[in-house]
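Coordinates from data_24.csv are shown below (CSV, C-alpha atoms).
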```
chain,number,residue,atom,x,y,z
A,1,MET,CA,-54.2,-36.4,72.7
A,2,ASP,CA,-54.8,-33.2,70.9
A,3,GLU,CA,-51.2,-32.6,69.9
A,4,PHE,CA,-51.8,-33.8,66.3
A,5,GLN,CA,-54.4,-35.3,64.0
A,6,LYS,CA,-52.5,-35.9,60.7
A,7,VAL,CA,-49.4,-37.9,59.8
A,8,PHE,CA,-47.2,-34.8,59.2
A,9,GLU,CA,-48.3,-33.2,62.5
A,10,ALA,CA,-47.5,-36.4,64.3
A,11,LEU,CA,-44.0,-36.5,62.8
A,12,LYS,CA,-43.4,-32.9,63.6
A,13,TRP,CA,-44.5,-33.2,67.2
A,14,ALA,CA,-42.6,-36.4,67.7
A,15,SER,CA,-39.4,-35.1,66.2
A,16,SER,CA,-39.5,-32.0,68.4
A,17,PHE,CA,-40.4,-33.9,71.6
A,18,LEU,CA,-37.7,-36.5,71.0
A,19,GLN,CA,-35.0,-34.0,70.4
A,20,LYS,CA,-35.9,-32.0,73.5
A,21,ASN,CA,-35.5,-35.3,75.5
A,22,ASN,CA,-32.1,-36.2,73.9
A,23,ARG,CA,-33.5,-39.0,71.7
A,24,ASP,CA,-33.0,-39.6,68.0
A,25,ALA,CA,-35.7,-37.6,66.1
A,26,ASN,CA,-35.9,-40.4,63.5
A,27,ALA,CA,-37.5,-42.7,66.1
A,28,GLY,CA,-40.8,-41.0,65.5
A,29,GLU,CA,-40.9,-41.9,61.8
A,30,ILE,CA,-39.9,-45.5,62.5
A,31,LEU,CA,-42.5,-46.0,65.1
A,32,LEU,CA,-45.3,-44.3,63.1
A,33,ARG,CA,-44.4,-46.5,60.1
A,34,HIS,CA,-44.7,-49.5,62.3
A,35,PHE,CA,-48.1,-48.6,63.7
A,36,LEU,CA,-49.4,-47.7,60.2
A,37,GLN,CA,-47.7,-50.7,58.6
A,38,MET,CA,-46.4,-48.4,55.9
A,39,THR,CA,-43.1,-48.2,54.0
A,40,ARG,CA,-41.2,-44.9,54.1
A,41,ALA,CA,-42.5,-43.9,50.7
A,42,GLN,CA,-46.1,-44.7,51.7
A,43,LEU,CA,-45.8,-42.6,54.9
A,44,PHE,CA,-44.6,-39.6,53.0
A,45,ALA,CA,-47.2,-40.0,50.3
A,46,ASN,CA,-49.9,-39.9,53.1
A,47,GLN,CA,-48.8,-36.8,55.0
A,48,GLN,CA,-52.4,-35.6,55.2
A,49,LEU,CA,-53.8,-38.9,56.5
A,50,ILE,CA,-55.9,-38.4,59.6
A,51,LEU,CA,-54.7,-40.9,62.2
A,52,SER,CA,-57.2,-43.2,64.0
A,53,ASP,CA,-57.5,-42.8,67.8
A,54,SER,CA,-56.0,-46.3,68.3
A,55,VAL,CA,-52.9,-45.4,66.2
A,56,LYS,CA,-52.6,-42.0,68.0
A,57,GLU,CA,-52.8,-43.7,71.4
A,58,SER,CA,-50.2,-46.4,70.5
A,59,PHE,CA,-47.9,-43.8,68.9
A,60,LEU,CA,-48.0,-41.5,71.9
A,61,GLN,CA,-47.4,-44.2,74.3
A,62,ALA,CA,-44.4,-45.5,72.2
A,63,ILE,CA,-42.9,-42.0,72.1
A,64,TYR,CA,-43.2,-41.5,75.8
A,65,ASP,CA,-41.8,-45.0,76.5
A,66,HIS,CA,-38.8,-44.3,74.2
A,67,VAL,CA,-38.2,-41.0,76.0
A,68,LYS,CA,-38.0,-43.0,79.3
A,69,GLY,CA,-35.4,-45.2,77.7
A,70,VAL,CA,-37.2,-48.2,76.2
A,71,PRO,CA,-35.5,-49.0,72.8
A,72,ILE,CA,-37.8,-48.7,69.8
A,73,GLN,CA,-36.9,-52.3,68.9
A,74,HIS,CA,-38.4,-53.5,72.1
A,75,ILE,CA,-41.5,-51.5,71.5
A,76,MET,CA,-41.9,-52.9,68.0
A,77,GLY,CA,-40.5,-56.4,69.0
A,78,PHE,CA,-38.0,-56.7,66.2
A,79,GLU,CA,-35.0,-55.3,64.3
A,80,GLU,CA,-33.9,-55.7,60.7
A,81,PHE,CA,-30.5,-57.4,60.2
A,82,TYR,CA,-28.9,-58.3,56.8
A,83,GLY,CA,-32.3,-57.8,55.1
A,84,ARG,CA,-34.2,-60.0,57.5
A,85,ARG,CA,-36.5,-59.4,60.5
A,86,PHE,CA,-35.3,-60.7,63.9
A,87,ASN,CA,-37.5,-60.8,67.0
A,88,VAL,CA,-35.8,-59.1,70.0
A,89,ASN,CA,-36.5,-58.4,73.6
A,90,SER,CA,-34.7,-57.5,76.9
A,91,HIS,CA,-33.0,-60.9,77.0
A,92,VAL,CA,-30.9,-60.3,73.8
A,93,LEU,CA,-28.7,-57.6,72.4
A,94,ILE,CA,-30.4,-55.5,69.7
A,95,PRO,CA,-28.7,-56.2,66.3
A,96,ARG,CA,-26.2,-53.6,65.2
A,97,PRO,CA,-25.1,-52.7,61.7
A,98,GLU,CA,-21.4,-53.4,62.7
A,99,THR,CA,-22.2,-57.1,63.0
A,100,GLU,CA,-23.5,-57.1,59.4
A,101,GLU,CA,-19.9,-56.2,58.5
A,102,LEU,CA,-18.6,-59.3,60.5
A,103,ILE,CA,-21.0,-61.4,58.4
A,104,TYR,CA,-19.8,-59.8,55.1
A,105,GLU,CA,-16.1,-60.4,55.9
A,106,ALA,CA,-16.8,-64.0,57.1
A,107,LEU,CA,-18.6,-64.8,53.9
A,108,LYS,CA,-15.7,-63.5,51.8
A,109,LYS,CA,-13.1,-65.4,53.8
A,110,ILE,CA,-15.1,-68.7,53.7
A,111,ASN,CA,-15.3,-68.5,49.9
A,112,HIS,CA,-11.6,-67.7,49.6
A,113,THR,CA,-10.3,-70.2,52.1
A,114,PHE,CA,-12.3,-73.4,51.5
A,115,SER,CA,-12.3,-75.0,48.0
A,116,ASN,CA,-14.3,-77.9,49.4
A,117,GLN,CA,-17.2,-76.4,51.3
A,118,ASN,CA,-19.2,-79.6,52.0
A,119,GLY,CA,-19.5,-80.4,55.7
A,120,LEU,CA,-17.9,-77.2,57.0
A,121,ARG,CA,-18.9,-76.7,60.6
A,122,LEU,CA,-19.5,-73.2,62.0
A,123,ILE,CA,-19.9,-72.3,65.7
A,124,ASP,CA,-21.5,-69.0,66.8
A,125,ILE,CA,-20.5,-68.3,70.4
A,126,GLY,CA,-23.0,-66.2,72.4
A,127,THR,CA,-25.7,-66.2,69.7
A,128,GLY,CA,-28.2,-63.9,71.5
A,129,SER,CA,-31.1,-63.4,69.0
A,130,GLY,CA,-29.3,-65.7,66.5
A,131,ILE,CA,-28.4,-63.1,64.0
A,132,ILE,CA,-24.9,-64.5,63.2
A,133,SER,CA,-25.8,-68.2,63.1
A,134,ILE,CA,-29.0,-67.8,61.2
A,135,THR,CA,-27.7,-65.3,58.7
A,136,MET,CA,-24.6,-67.5,58.0
A,137,LYS,CA,-26.8,-70.6,57.5
A,138,LEU,CA,-29.2,-68.7,55.1
A,139,GLU,CA,-26.3,-67.1,53.2
A,140,CYS,CA,-24.3,-70.4,53.1
A,141,PRO,CA,-26.7,-73.3,53.2
A,142,PHE,CA,-23.8,-75.8,52.9
A,143,LEU,CA,-22.7,-74.9,56.5
A,144,ASP,CA,-23.4,-77.1,59.5
A,145,VAL,CA,-24.2,-74.4,62.0
A,146,THR,CA,-24.3,-74.6,65.8
A,147,ALA,CA,-25.2,-71.7,68.1
A,148,ILE,CA,-24.3,-71.5,71.8
A,149,ASP,CA,-25.6,-69.2,74.5
A,150,ILE,CA,-25.5,-69.3,78.3
A,151,SER,CA,-28.9,-67.7,78.5
A,152,PRO,CA,-31.9,-70.0,78.1
A,153,GLN,CA,-34.1,-66.9,77.4
A,154,ALA,CA,-31.8,-65.8,74.6
A,155,LEU,CA,-31.9,-69.3,73.1
A,156,ASP,CA,-35.7,-69.2,73.1
A,157,ILE,CA,-35.6,-66.0,71.1
A,158,ALA,CA,-32.9,-67.4,68.7
A,159,LYS,CA,-34.9,-70.6,68.2
A,160,THR,CA,-38.0,-68.6,67.4
A,161,ASN,CA,-36.1,-66.5,64.8
A,162,ALA,CA,-34.6,-69.7,63.3
A,163,MET,CA,-38.0,-71.2,62.9
A,164,ASN,CA,-39.5,-68.0,61.5
A,165,LEU,CA,-36.7,-67.7,59.0
A,166,LYS,CA,-36.5,-71.4,58.2
A,167,ALA,CA,-32.8,-71.8,59.2
A,168,ASP,CA,-31.7,-75.3,60.3
A,169,ILE,CA,-29.5,-74.5,63.3
A,170,ASP,CA,-28.3,-76.7,66.2
A,171,PHE,CA,-28.7,-74.7,69.5
A,172,LEU,CA,-26.7,-75.6,72.6
A,173,HIS,CA,-27.0,-74.2,76.1
A,174,GLY,CA,-23.7,-73.5,77.8
A,175,ASP,CA,-20.8,-71.2,78.6
A,176,LEU,CA,-18.7,-70.3,75.6
A,177,LEU,CA,-17.3,-73.4,73.9
A,178,GLN,CA,-17.9,-75.8,76.8
A,179,PRO,CA,-20.8,-77.7,75.1
A,180,ILE,CA,-18.4,-78.5,72.1
A,181,LEU,CA,-15.5,-79.4,74.4
A,182,ASN,CA,-17.8,-81.8,76.2
A,183,LYS,CA,-18.5,-83.5,72.9
A,184,GLN,CA,-14.9,-83.4,71.9
A,185,GLU,CA,-15.9,-82.2,68.4
A,186,LYS,CA,-13.9,-80.2,65.9
A,187,VAL,CA,-15.0,-77.1,64.0
A,188,ASP,CA,-13.9,-75.2,60.9
A,189,ILE,CA,-15.2,-71.7,61.5
A,190,ILE,CA,-15.8,-69.8,64.8
A,191,LEU,CA,-17.6,-66.5,64.8
A,192,SER,CA,-18.5,-64.5,67.9
A,193,ASN,CA,-19.6,-61.1,69.1
A,194,PRO,CA,-18.8,-61.6,72.7
A,195,PRO,CA,-19.4,-59.1,75.6
A,196,TYR,CA,-16.5,-56.5,75.2
A,197,ILE,CA,-17.5,-53.3,77.0
A,198,PRO,CA,-15.2,-52.5,79.9
A,199,ASP,CA,-17.1,-52.7,83.2
A,200,GLU,CA,-16.5,-49.1,84.1
A,201,ASP,CA,-18.0,-47.8,80.9
A,202,ILE,CA,-21.5,-48.5,82.3
A,203,HIS,CA,-21.4,-44.9,83.5
A,204,VAL,CA,-21.1,-43.5,79.9
A,205,LEU,CA,-23.7,-45.8,78.2
A,206,SER,CA,-27.1,-44.4,77.3
A,207,GLU,CA,-29.9,-45.6,79.5
A,208,VAL,CA,-31.5,-47.1,76.4
A,209,VAL,CA,-28.6,-49.6,76.5
A,210,LYS,CA,-27.6,-50.0,80.1
A,211,ASP,CA,-31.2,-50.2,81.5
A,212,TYR,CA,-32.8,-52.4,78.8
A,213,GLU,CA,-30.2,-54.7,77.2
A,214,PRO,CA,-28.7,-57.7,79.1
A,215,HIS,CA,-25.5,-56.8,81.0
A,216,GLN,CA,-24.4,-60.4,80.6
A,217,ALA,CA,-24.1,-59.7,76.9
A,218,LEU,CA,-22.5,-56.3,77.2
A,219,PHE,CA,-19.7,-56.3,79.7
A,220,GLY,CA,-16.4,-58.1,79.4
A,221,GLY,CA,-14.5,-57.3,82.6
A,222,VAL,CA,-12.2,-54.5,83.6
A,223,ASP,CA,-10.7,-54.0,80.1
A,224,GLY,CA,-13.5,-55.7,78.2
A,225,LEU,CA,-11.3,-58.6,77.1
A,226,ASP,CA,-12.2,-61.4,79.6
A,227,TYR,CA,-14.2,-63.5,77.1
A,228,TYR,CA,-11.5,-63.3,74.4
A,229,ARG,CA,-8.9,-64.6,76.9
A,230,LYS,CA,-11.2,-67.5,77.9
A,231,LEU,CA,-11.8,-68.3,74.3
A,232,MET,CA,-8.0,-68.4,73.6
A,233,GLN,CA,-7.8,-71.3,76.1
A,234,GLN,CA,-10.7,-73.2,74.5
A,235,ILE,CA,-10.4,-72.7,70.8
A,236,PRO,CA,-7.1,-74.6,70.3
A,237,LEU,CA,-8.8,-77.7,71.7
A,238,ILE,CA,-11.6,-77.8,69.1
A,239,ILE,CA,-10.4,-76.0,66.0
A,240,GLN,CA,-9.4,-77.7,62.8
A,241,LYS,CA,-5.9,-77.2,61.2
A,242,LYS,CA,-7.5,-75.2,58.4
A,243,ALA,CA,-9.9,-72.8,59.9
A,244,ILE,CA,-11.3,-69.2,60.3
A,245,ILE,CA,-11.8,-67.4,63.6
A,246,GLY,CA,-13.7,-64.1,63.5
A,247,PHE,CA,-14.5,-61.7,66.4
A,248,GLU,CA,-16.4,-58.5,66.6
A,249,ILE,CA,-14.5,-56.1,69.0
A,250,GLY,CA,-15.0,-52.8,70.7
A,251,MET,CA,-13.4,-49.7,69.2
A,252,GLY,CA,-9.7,-49.5,70.2
A,253,GLN,CA,-9.4,-53.2,71.1
A,254,GLY,CA,-8.1,-54.4,67.8
A,255,LYS,CA,-4.4,-54.6,68.7
A,256,GLN,CA,-5.1,-56.3,72.0
A,257,VAL,CA,-7.3,-59.0,70.5
A,258,ALA,CA,-5.0,-59.5,67.6
A,259,LYS,CA,-2.1,-60.0,70.1
A,260,LEU,CA,-4.1,-62.7,71.9
A,261,LEU,CA,-4.8,-64.5,68.7
A,262,ASN,CA,-1.1,-64.2,67.5
A,263,GLU,CA,0.1,-65.6,70.8
A,264,THR,CA,-2.4,-68.5,70.6
A,265,PHE,CA,-1.9,-69.2,66.9
A,266,PRO,CA,1.6,-68.0,66.0
A,267,ASN,CA,1.4,-69.7,62.6
A,268,GLY,CA,-2.0,-68.2,61.8
A,269,HIS,CA,-2.7,-65.0,59.7
A,270,THR,CA,-4.3,-62.5,62.0
A,271,GLU,CA,-5.7,-59.2,60.7
A,272,ILE,CA,-7.6,-56.2,62.2
A,273,ILE,CA,-10.5,-55.1,59.9
A,274,TYR,CA,-12.0,-51.6,60.1
A,275,ASP,CA,-15.7,-50.9,59.7
A,276,ILE,CA,-17.4,-48.5,57.3
A,277,ASN,CA,-16.7,-45.6,59.8
A,278,GLY,CA,-13.0,-46.4,59.9
A,279,LYS,CA,-13.0,-47.9,63.4
A,280,ASP,CA,-11.3,-51.2,64.3
A,281,ARG,CA,-14.3,-53.5,64.6
A,282,MET,CA,-13.3,-57.0,63.7
A,283,VAL,CA,-10.3,-59.3,64.1
A,284,PHE,CA,-9.9,-62.4,61.9
A,285,CYS,CA,-7.4,-65.2,62.2
A,286,GLN,CA,-7.0,-67.8,59.4
A,287,LEU,CA,-5.2,-71.1,60.1
```

Could you take the file, read its structure, and then write that structure out as structure tokens?
Amino acid sequence: MDEFQKVFEALKWASSFLQKNNRDANAGEILLRHFLQMTRAQLFANQQLILSDSVKESFLQAIYDHVKGVPIQHIMGFEEFYGRRFNVNSHVLIPRPETEELIYEALKKINHTFSNQNGLRLIDIGTGSGIISITMKLECPFLDVTAIDISPQALDIAKTNAMNLKADIDFLHGDLLQPILNKQEKVDIILSNPPYIPDEDIHVLSEVVKDYEPHQALFGGVDGLDYYRKLMQQIPLIIQKKAIIGFEIGMGQGKQVAKLLNETFPNGHTEIIYDINGKDRMVFCQL
């Protein structure tokens, strides 16, 4: 543990070591901030700070673990999403910035579509850590929000996040929309970030993803579209006449998912929405 003593030395060592091992050099800064409980500004204002042995030991172990493939979010136990902290572990997908754009678009469409917002019911299919359902409830307190997941372990994480963030969510265990179908209930808004990676793409994924994130939440069959097809069978049975359906999709899947929605809802208005990087990332259908 003689590689470094001070903050700036630790950052320099970590950056070099991570790059040599094909990891993002910024991971070192994020992890050191975590162990020192400092903001970015505080970290850079304390470049000469001598690190305690316990912080050095924790930081070293974290860097070595990340080089082996452990996501930094699993090391820290959380990820930031839409300005809030969500607990994560190996049972749920790590929140991505692209899903923040799904939230942003959904909020715009809800405000534009529904003049009477009282009693609107939103379903989040495959909630994982709960980022969509919890964020929507906190951004739109008037929504009646239900979150569904087939994984009991994922629901445990989502429930913890809802409790920590004081979001009143109804959590249901089940496959896709089956729990709602069983109750024969109707809904106004459906949002989902379903598994959409084609099965064969496992070979090109980073080990940080394929070895540490749940495959059940990643892979969507041969072409990645299996879950969208299943939902096209279920959604018409529970959706209101006036409604919003919004999916996150994989890059290049926009036209195919839009086609599925157009075939299912020929009178709906379906649009492909591109993310901040210019990639097709969302498909919305308004009824």

### Nearest to Val187 of chain A, chosen from A:His173, A:Gly119, A:Ala45, A:Gly28, with only C-alpha atoms counted in the distances
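Checking each of A:His173, A:Gly119, A:Ala45, A:Gly28 against Val187 of chain A, counting only C-alpha atoms, the winner is A:Gly119.
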
Taking only residues of segment 97-164 of chain A that have an atom at most 12 Å from an atom of segment 74-89 of chain A, what is each one's shortest atom pair and its distance in Å to one decimal, using all atoms listed in the file, in chain and number order, as JSON lines?
```
{"residue": "A:Pro97", "atom": "CA", "partner": "A:Phe81", "partner_atom": "CA", "distance": 7.3}
{"residue": "A:Glu98", "atom": "CA", "partner": "A:Phe81", "partner_atom": "CA", "distance": 10.2}
{"residue": "A:Thr99", "atom": "CA", "partner": "A:Phe81", "partner_atom": "CA", "distance": 8.8}
{"residue": "A:Glu100", "atom": "CA", "partner": "A:Tyr82", "partner_atom": "CA", "distance": 6.1}
{"residue": "A:Glu101", "atom": "CA", "partner": "A:Tyr82", "partner_atom": "CA", "distance": 9.4}
{"residue": "A:Leu102", "atom": "CA", "partner": "A:Tyr82", "partner_atom": "CA", "distance": 11.0}
{"residue": "A:Ile103", "atom": "CA", "partner": "A:Tyr82", "partner_atom": "CA", "distance": 8.6}
{"residue": "A:Tyr104", "atom": "CA", "partner": "A:Tyr82", "partner_atom": "CA", "distance": 9.4}
{"residue": "A:Gly128", "atom": "CA", "partner": "A:Val88", "partner_atom": "CA", "distance": 9.1}
{"residue": "A:Ser129", "atom": "CA", "partner": "A:Val88", "partner_atom": "CA", "distance": 6.4}
{"residue": "A:Gly130", "atom": "CA", "partner": "A:Phe86", "partner_atom": "CA", "distance": 8.2}
{"residue": "A:Ile131", "atom": "CA", "partner": "A:Phe81", "partner_atom": "CA", "distance": 7.2}
{"residue": "A:Ile132", "atom": "CA", "partner": "A:Phe81", "partner_atom": "CA", "distance": 9.5}
{"residue": "A:Ile134", "atom": "CA", "partner": "A:Phe86", "partner_atom": "CA", "distance": 9.9}
{"residue": "A:Thr135", "atom": "CA", "partner": "A:Tyr82", "partner_atom": "CA", "distance": 7.4}
{"residue": "A:Met136", "atom": "CA", "partner": "A:Tyr82", "partner_atom": "CA", "distance": 10.2}
{"residue": "A:Leu138", "atom": "CA", "partner": "A:Arg84", "partner_atom": "CA", "distance": 10.3}
{"residue": "A:Glu139", "atom": "CA", "partner": "A:Tyr82", "partner_atom": "CA", "distance": 9.9}
{"residue": "A:Gln153", "atom": "CA", "partner": "A:Asn89", "partner_atom": "CA", "distance": 9.6}
{"residue": "A:Ala154", "atom": "CA", "partner": "A:Asn89", "partner_atom": "CA", "distance": 8.8}
{"residue": "A:Leu155", "atom": "CA", "partner": "A:Val88", "partner_atom": "CA", "distance": 11.4}
{"residue": "A:Asp156", "atom": "CA", "partner": "A:Asn87", "partner_atom": "CA", "distance": 10.5}
{"residue": "A:Ile157", "atom": "CA", "partner": "A:Asn87", "partner_atom": "CA", "distance": 6.9}
{"residue": "A:Ala158", "atom": "CA", "partner": "A:Asn87", "partner_atom": "CA", "distance": 8.2}
{"residue": "A:Lys159", "atom": "CA", "partner": "A:Asn87", "partner_atom": "CA", "distance": 10.2}
{"residue": "A:Thr160", "atom": "CA", "partner": "A:Asn87", "partner_atom": "CA", "distance": 7.8}
{"residue": "A:Asn161", "atom": "CA", "partner": "A:Phe86", "partner_atom": "CA", "distance": 5.9}
{"residue": "A:Ala162", "atom": "CA", "partner": "A:Phe86", "partner_atom": "CA", "distance": 9.0}
{"residue": "A:Met163", "atom": "CA", "partner": "A:Phe86", "partner_atom": "CA", "distance": 10.9}
{"residue": "A:Asn164", "atom": "CA", "partner": "A:Phe86", "partner_atom": "CA", "distance": 8.8}
```

### Task
Grab the atom CA of Asp65 of chain A to atom CA of Phe17 of chain A distance for me, in Å with one decimal place.
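Separation between atom CA of Asp65 of chain A and atom CA of Phe17 of chain A: 12.2 Å.
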
### Task
Select, from A:Val70, A:Leu165, A:Ile123, A:Leu43, the residue with the minimum atom-to-atom distance to Ile238 of chain A, counting all atoms listed in the file.
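The closest residue to Ile238 of chain A is A:Ile123.
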
### Message
Measuring between only C-alpha atoms, which one of A:Gln42, A:Thr146, A:Gln240, A:Gln117 shows the shortest distance to Asp188 of chain A?
### Response
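Between A:Gln42, A:Thr146, A:Gln240, A:Gln117, the residue approaching Asp188 of chain A most closely is A:Gln240.
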
### Message
Restricting the calculation to all atoms listed in the file: of A:Phe284, A:Phe265, A:Phe114, A:Phe142, which residue gets closest to Ile190 of chain A?
### Response
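Once distances to Ile190 of chain A are computed over all atoms listed in the file, the minimum belongs to A:Phe284.
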
#### Entry: Point-to-point distance from atom CA of Ile180 of chain A to atom CA of Asn116 of chain A, Å rounded to tenths
23.1 Å

#### Entry: Which of A:Gln48, A:Thr270, A:Gln73, A:Thr127 sits closest to Leu191 of chain A [using all atoms listed in the file]
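The shortest atom-to-atom distance to Leu191 of chain A comes from A:Thr127.
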
### Task
Go through A:Pro141, A:Pro179, A:Pro95, A:Pro194 and flag the residue nearest Arg229 of chain A, using all atoms listed in the file for the distances.
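The shortest atom-to-atom distance to Arg229 of chain A comes from A:Pro194.
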
### Query
Which polymer residues have any atom within 12 Å of an atom of Asn182 of chain A, counting all atoms listed in the file, with same-chain residues fewer than 2 positions away left out, as a list in words?
Leu172, His173, Gly174, Asp175, Leu176, Leu177, Gln178, Pro179, Ile180, Gln184, Glu185, Lys186, Gln234, Leu237 and Ile238 of chain A

Write a file of the selected residues as a PDB file, in the coordinates of the input, keeping C-alpha atoms.
```
ATOM      1  CA  LEU A 172     -26.700 -75.600  72.600  1.00  0.00           C
ATOM      2  CA  HIS A 173     -27.000 -74.200  76.100  1.00  0.00           C
ATOM      3  CA  GLY A 174     -23.700 -73.500  77.800  1.00  0.00           C
ATOM      4  CA  ASP A 175     -20.800 -71.200  78.600  1.00  0.00           C
ATOM      5  CA  LEU A 176     -18.700 -70.300  75.600  1.00  0.00           C
ATOM      6  CA  LEU A 177     -17.300 -73.400  73.900  1.00  0.00           C
ATOM      7  CA  GLN A 178     -17.900 -75.800  76.800  1.00  0.00           C
ATOM      8  CA  PRO A 179     -20.800 -77.700  75.100  1.00  0.00           C
ATOM      9  CA  ILE A 180     -18.400 -78.500  72.100  1.00  0.00           C
ATOM     10  CA  GLN A 184     -14.900 -83.400  71.900  1.00  0.00           C
ATOM     11  CA  GLU A 185     -15.900 -82.200  68.400  1.00  0.00           C
ATOM     12  CA  LYS A 186     -13.900 -80.200  65.900  1.00  0.00           C
ATOM     13  CA  GLN A 234     -10.700 -73.200  74.500  1.00  0.00           C
ATOM     14  CA  LEU A 237      -8.800 -77.700  71.700  1.00  0.00           C
ATOM     15  CA  ILE A 238     -11.600 -77.800  69.100  1.00  0.00           C
TER      16      ILE A 238
END
```

From the block you just saw, export segment 138-155 of chain A: N, CA and C atoms, as a PDB file, in the first residue's frame.
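Saved the output as decode.pdb:
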```pdb
ATOM      1  N   LEU A 138     -42.795  10.712  -7.686  1.00  0.00           N
ATOM      2  CA  LEU A 138     -42.276  11.898  -7.002  1.00  0.00           C
ATOM      3  C   LEU A 138     -42.393  13.152  -7.873  1.00  0.00           C
ATOM      4  N   GLU A 139     -42.279  12.977  -9.183  1.00  0.00           N
ATOM      5  CA  GLU A 139     -42.430  14.115 -10.094  1.00  0.00           C
ATOM      6  C   GLU A 139     -43.899  14.458 -10.335  1.00  0.00           C
ATOM      7  N   CYS A 140     -44.766  13.455 -10.266  1.00  0.00           N
ATOM      8  CA  CYS A 140     -46.217  13.645 -10.475  1.00  0.00           C
ATOM      9  C   CYS A 140     -46.965  12.985  -9.325  1.00  0.00           C
ATOM     10  N   PRO A 141     -47.060  13.640  -8.180  1.00  0.00           N
ATOM     11  CA  PRO A 141     -47.706  13.023  -7.011  1.00  0.00           C
ATOM     12  C   PRO A 141     -49.158  12.619  -7.247  1.00  0.00           C
ATOM     13  N   PHE A 142     -49.810  13.200  -8.269  1.00  0.00           N
ATOM     14  CA  PHE A 142     -51.214  12.870  -8.541  1.00  0.00           C
ATOM     15  C   PHE A 142     -51.367  11.483  -9.167  1.00  0.00           C
ATOM     16  N   LEU A 143     -50.289  10.870  -9.626  1.00  0.00           N
ATOM     17  CA  LEU A 143     -50.372   9.561 -10.261  1.00  0.00           C
ATOM     18  C   LEU A 143     -50.583   8.449  -9.237  1.00  0.00           C
ATOM     19  N   ASP A 144     -51.397   7.482  -9.621  1.00  0.00           N
ATOM     20  CA  ASP A 144     -51.543   6.234  -8.875  1.00  0.00           C
ATOM     21  C   ASP A 144     -50.603   5.238  -9.556  1.00  0.00           C
ATOM     22  N   VAL A 145     -49.493   4.905  -8.899  1.00  0.00           N
ATOM     23  CA  VAL A 145     -48.409   4.165  -9.555  1.00  0.00           C
ATOM     24  C   VAL A 145     -48.308   2.730  -9.045  1.00  0.00           C
ATOM     25  N   THR A 146     -48.245   1.799  -9.990  1.00  0.00           N
ATOM     26  CA  THR A 146     -48.016   0.386  -9.689  1.00  0.00           C
ATOM     27  C   THR A 146     -46.759  -0.073 -10.414  1.00  0.00           C
ATOM     28  N   ALA A 147     -45.908  -0.807  -9.720  1.00  0.00           N
ATOM     29  CA  ALA A 147     -44.666  -1.328 -10.294  1.00  0.00           C
ATOM     30  C   ALA A 147     -44.685  -2.846 -10.221  1.00  0.00           C
ATOM     31  N   ILE A 148     -44.323  -3.482 -11.335  1.00  0.00           N
ATOM     32  CA  ILE A 148     -44.359  -4.941 -11.432  1.00  0.00           C
ATOM     33  C   ILE A 148     -42.964  -5.471 -11.760  1.00  0.00           C
ATOM     34  N   ASP A 149     -42.604  -6.597 -11.144  1.00  0.00           N
ATOM     35  CA  ASP A 149     -41.375  -7.287 -11.533  1.00  0.00           C
ATOM     36  C   ASP A 149     -41.535  -8.772 -11.252  1.00  0.00           C
ATOM     37  N   ILE A 150     -40.874  -9.582 -12.079  1.00  0.00           N
ATOM     38  CA  ILE A 150     -40.934 -11.031 -11.898  1.00  0.00           C
ATOM     39  C   ILE A 150     -39.935 -11.512 -10.854  1.00  0.00           C
ATOM     40  N   SER A 151     -38.971 -10.630 -10.520  1.00  0.00           N
ATOM     41  CA  SER A 151     -37.917 -10.994  -9.563  1.00  0.00           C
ATOM     42  C   SER A 151     -38.261 -10.503  -8.156  1.00  0.00           C
ATOM     43  N   PRO A 152     -38.438 -11.417  -7.193  1.00  0.00           N
ATOM     44  CA  PRO A 152     -38.690 -10.986  -5.809  1.00  0.00           C
ATOM     45  C   PRO A 152     -37.537 -10.170  -5.237  1.00  0.00           C
ATOM     46  N   GLN A 153     -36.309 -10.522  -5.647  1.00  0.00           N
ATOM     47  CA  GLN A 153     -35.134  -9.791  -5.136  1.00  0.00           C
ATOM     48  C   GLN A 153     -35.118  -8.353  -5.655  1.00  0.00           C
ATOM     49  N   ALA A 154     -35.512  -8.181  -6.921  1.00  0.00           N
ATOM     50  CA  ALA A 154     -35.594  -6.827  -7.473  1.00  0.00           C
ATOM     51  C   ALA A 154     -36.666  -6.021  -6.749  1.00  0.00           C
ATOM     52  N   LEU A 155     -37.808  -6.640  -6.479  1.00  0.00           N
ATOM     53  CA  LEU A 155     -38.878  -5.944  -5.762  1.00  0.00           C
ATOM     54  C   LEU A 155     -38.438  -5.518  -4.371  1.00  0.00           C
TER      55      LEU A 155
END
```
